[in-house]
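Beneath this line is the structure, given in structure tokens, with notes to follow.
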Amino acid sequence: MDELNQPQAEAVAHTNGPLLIFAGAGSGKTRTITYRIANLLATHHVAPYRILAVTFTNKAAGEMRARLVKLAGEDIVRDLWVGTFHSICARLLRRHAVDAGLSPNFVIYDDADQKAVMSRILKEQAIDEKMYPPRFVLSKIHKEKQEAKGPGESGRERGFDPTLQMLYEVYERALSLANAVDFEDLLLKAMRLSEDPKSGAARLLRERFEHVLVDEFQDTNQVQYRLVRALSARTRNLCVVGDDDQSIYRWRGADVRIIRGFQTDFSDAKVVKLEQNYRSTANIVAAALGVIEPALQREPKELWTAEGPGAKVTVRYGQDERDEAAWVASAIQRARNEGVDLKEFAVFYRVHAQSRVLEEALRARSVPYQIIGGMKFFERAEVKDVLCYLRLLDNPASDADLLRIINVPTRGIGGKTVEKVLETAQESTLSAYDAVEACLTRGELGSAAQKKLAAFRDLIEELRALKEQLRPSELADRVLELTQYREVLRNADTAESDARLENLEELVGSLQEYEQDAAAVGEEATLSGYLERVSLVAAVDTMRDVPSVSLMTVHSAKGLEFDTVWLTGMEEEVFPYKGLDASEPEELDEERRLAYVAVTRARQKLNISHVGIRNLFGQTRYLAASRFLADLPEAVIERQGGFSPRPRLGSFNPAYPPSRPPPASRYPSGRPGALRQPGERFVDADAFDDVPSEEGGVRLRPGMKVSHKRFGRGIVEQVEPGDNPKVTARFPRFGTKQILAEFLQPG
DNA sequence: TACAAGCGCCTTTTT
DNA sequence: GGCGCTTGTA
């Protein structure tokens, strides 16, 4: 215990009653929590299954477990409850499903599933999607759920018109019929269950835990707060750890006032402040404080460090995003040539859309990188398809899954037939799958449709029978066989269909891995268990421990640290992000906190960059330096490439003109079609020299990478010259296609 | 019914 | 620049 400083030791030793730990960035928070738990286990002999520790990501949970194994031993750690809010809630709900109004095999609908459900509802209710975009409706509903408001409780005074009200009700009914929950439901249902004064299950829950610990407490929402309060109500041993300066999930319902008001709710709470930073150099800490201090509201505290100043923070002004990417990538390449481990490098940006240019620059220099977030493995079309089969087998009531795979791979069941099935489901309040059966019995379909639908029903029934006898991974394998998914891809026989096949084999592999994990902790490997695990992976959970640079959004970077960090895109409208509501100063504060999180991730060296012109979302914009840069203390920074504090909109700062005007192709909206003449930019029919043309366009030839609006990236196989050149190209998700060259972009 | 093409829409951050 | 819905054709 003598390795801990004074406040850390206090936080470990205070084992009775509410405890609030304000843990500044880099103040040894994880270490403190780990020691605290170890102390509870070893000194106070608390049974491990009576300790609940909530972390923000599965990765953080894994790391905490790993540390505890060293301190307390594997056998003990196995019985601890460690996990994210969502995974803990899912676990509790499976145990007490009936009390929560679910069956234990409930399915978790992700964003795409939820949107599909809502789109269908809008169609059924004949509501114009333009007036009520599914995403908008869902965001309204989620907001209600985050504040524990049911469909009956969101009146007009909360900005809920009767239509929204109705949609909320119908959506809830649809999920309930499908035995499905969304992310908010996991929390809300667990909270309702644990608060229920009458239910026996609730009493069990409330008596279950002796100690409850919550990490990243500044990012909890009302429902999560009520849940942990209920779970710790008996002993009041609730330990919360967080830093209000790092609260960055307001848009997801997180309420920074919860941590700030904790002492009001628990007037006897012991408060400990960890303010010594052990992570970063003094210059970086000074930069971080410069960024956070102007925030309107903060809990009073001061981060300090005993470290030396270290290198200055580099602030670089660049011409455009390509220039920025080249700067980042070549610096990383140099460091790599000197033998530095790329694992210690990270590049941050505000939005995912900024990653592409960085990727290209890194790839051009053969620098290995990994992108955290963006398109996940489990969101790939073929992987999601097979998961939907598995989900349907696990829970046939799940309409969203049935609708996705009823004609995948294509088996001749068209829109008409599906419509008929849905009508039947609607009329008789059946699940879509039951409605399939009903349609077949009634025999109102044409004979071809009847036959095909019956074949589908037989397929699902056969698989359902197999489900009882096989392990999940074996079942997945049978799905690939019996649906002919594998066969269809094999027949396509392109490099890309091979890639899809590989993804599917990887999916089967991930099921096997799950079975091994389950065996290791002595649990039964169930399909539900696997599907739940897949639904609740965070972006950082997929981060691999390999020697490569990590690219991620600042949000994903929370809780991580690296020796060297590049913080890119520090411009007004990008960071702070433009869509901010000017009437809400709290939103600007949150952007500021986000910048603070970014800066405090770096241990040794921080590089910040901003540019004058940026292409984002297909628009070219002239950007001023982020206001947050002006808050960096001049003494700790060194500038490169000059500085443009506030260029006027639409003009360059005369001191730093770009060396060449942006190419015309950068103005898609201003000059549509200027470079879009078929044959001019993309294809030269008679000469296949790979000489880039003046405009930066490239001639197409076999073997070249191209991208298509719908099919994504692919490879050119053949080019058919002519006035209207045609190209045969292969696309990973769609196979080989013949496409007019004008619809292809190189790269 | 399947597929290619056309068109309009959006566009933060994520469990 | 990407996605999903609609339209036209085989």
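In the structure tokens, chains take the letters A, B, ... in the order shown, each chain's residues start at 1, and ligands count up from 1 in the order shown.
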
Quiz prompt | At most 9 Å to chain A: residues in chain C, only C-alpha atoms (C1' of nucleotides), as a ChimeraX atom specification | solution = /C:1-3

With only C-alpha atoms (C1' of nucleotides) counted and 8 Å as the cut-off, give the residues of chain B in contact with chain A, each with its shortest interatomic distance in Å and the pair that gives it, as a tab-separated table.
residue	atom	partner	partner_atom	distance
B:DT1	C1'	A:Gly414	CA	6.5
B:DT11	C1'	A:Phe617	CA	6.3
B:DT12	C1'	A:Val351	CA	6.0
B:DT13	C1'	A:His555	CA	6.1
B:DT14	C1'	A:Ala538	CA	7.7
B:DT15	C1'	A:Leu536	CA	6.4

Please, could you write that set of residues out with C-alpha atoms (C1' of nucleotides) as a PDB file, in the first residue's frame?
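Final output, saved to result05.pdb:
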ATOM      1  C1'  DT B   1     -37.827 -10.687 -59.591  1.00  0.00           C
ATOM      2  C1'  DT B  11     -23.410  14.400 -42.672  1.00  0.00           C
ATOM      3  C1'  DT B  12     -20.637  13.950 -34.492  1.00  0.00           C
ATOM      4  C1'  DT B  13     -19.423  11.590 -30.921  1.00  0.00           C
ATOM      5  C1'  DT B  14     -21.455   5.213 -29.351  1.00  0.00           C
ATOM      6  C1'  DT B  15     -23.274   1.202 -25.794  1.00  0.00           C
TER       7       DT B  15
END

Quiz prompt | For atom CA of A:Glu462 and atom CA of A:Val508, the interatomic separation in Å (one decimal) | solution =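 Going from atom CA of A:Glu462 over to atom CA of A:Val508, I get 19.3 Å.
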
Self-check item: Surrounding residues of C:DA10 excluding itself and chain neighbours under 3 positions, 12 Å, only C-alpha atoms (C1' of nucleotides), as a list in words
Solution: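 In the requested form, the answer reads DT1, DA2, DC3 and DA4 of chain B.
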
Just write the chosen residues, C-alpha atoms (C1' of nucleotides), as a CSV table (one decimal), in the first residue's frame.
chain,number,residue,atom,x,y,z
B,1,DT,C1',-37.8,-10.7,-59.6
B,2,DA,C1',-33.1,-9.0,-60.1
B,3,DC,C1',-30.1,-5.6,-61.3
B,4,DA,C1',-28.2,-1.3,-62.9

Exercise. List every residue of stretch 306-498 of chain A that DSSP, applied to the backbone, labels as helix (DSSP H, G or I), and write the result as a ChimeraX atom specification.
Key: /A:321-337,342-344,352-364,377-379,381-394,399-405,415-428,432-442,447-469,472-482,485-492,495-498

Exercise. Please run DSSP on the backbone and report, as a PyMOL selection string, all residues within stretch 40-142 of chain A that come out as strand (DSSP E).
Key: chain A and resi 51-55+81-84+107-108

Export, as a PDB file, in the first residue's frame, the selected residues with C-alpha atoms.
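For reference, selection.pdb as written:
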ATOM      1  CA  ILE A  51     -18.657  -6.884  -5.487  1.00  0.00           C
ATOM      2  CA  LEU A  52     -19.928  -5.110  -8.585  1.00  0.00           C
ATOM      3  CA  ALA A  53     -17.536  -2.928 -10.569  1.00  0.00           C
ATOM      4  CA  VAL A  54     -18.922  -1.011 -13.535  1.00  0.00           C
ATOM      5  CA  THR A  55     -16.486   0.096 -16.221  1.00  0.00           C
ATOM      6  CA  TRP A  81     -19.026  -8.795 -11.281  1.00  0.00           C
ATOM      7  CA  VAL A  82     -17.003  -6.577 -13.615  1.00  0.00           C
ATOM      8  CA  GLY A  83     -18.414  -5.127 -16.810  1.00  0.00           C
ATOM      9  CA  THR A  84     -20.035  -2.243 -18.596  1.00  0.00           C
ATOM     10  CA  VAL A 107     -32.285 -10.153 -28.551  1.00  0.00           C
ATOM     11  CA  ILE A 108     -30.536  -6.780 -28.473  1.00  0.00           C
TER      12      ILE A 108
END

Quiz item: So which one's closest to A:Lys558, A:Thr600, A:Gln263, A:Ser280, A:Thr34? Using only C-alpha atoms, please.
Solution: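 Using only C-alpha atoms, the shortest distance to A:Lys558 belongs to A:Thr600.
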
Self-check item: Shell of 8 Å around A:Leu390, only C-alpha atoms (C1' of nucleotides), local chain residues under 5 positions omitted, as a ChimeraX atom specification
Solution: /A:476,479,527

Quiz prompt | d(atom CA of A:Gly339, atom CA of A:Leu362) in Å | solution =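 About the pair atom CA of A:Gly339 and atom CA of A:Leu362: they are 16.7 Å apart.
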
Quiz item: Neighbours of C:DT6 within 12 Å (only C-alpha atoms (C1' of nucleotides); same-chain residues fewer than 6 positions away dropped), as a PyMOL selection string?
Solution: chain B and resi 5-8

Generate a file of the selected residues that holds C-alpha atoms (C1' of nucleotides), formatted as a PDB file, in the first residue's frame.
ATOM      1  C1'  DA B   5     -28.736   3.447 -62.731  1.00  0.00           C
ATOM      2  C1'  DG B   6     -30.803   7.842 -60.931  1.00  0.00           C
ATOM      3  C1'  DC B   7     -31.782  10.832 -57.318  1.00  0.00           C
ATOM      4  C1'  DG B   8     -32.219  13.036 -53.050  1.00  0.00           C
TER       5       DG B   8
END

Quiz item: How many Å lie between atom CA of A:Ile259 and atom CA of A:Arg593, rounded to one decimal?
Solution: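 Interatomic distance here is 15.0 Å.
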
Quiz item: Which neighbours of stretch 504-506 of chain A fall inside 9 Å, counting only C-alpha atoms (C1' of nucleotides), when residues of the same chain fewer than 6 positions from it are skipped, and could you give them as a PyMOL selection string?
Solution: chain A and resi 382-383+386+477+480+486
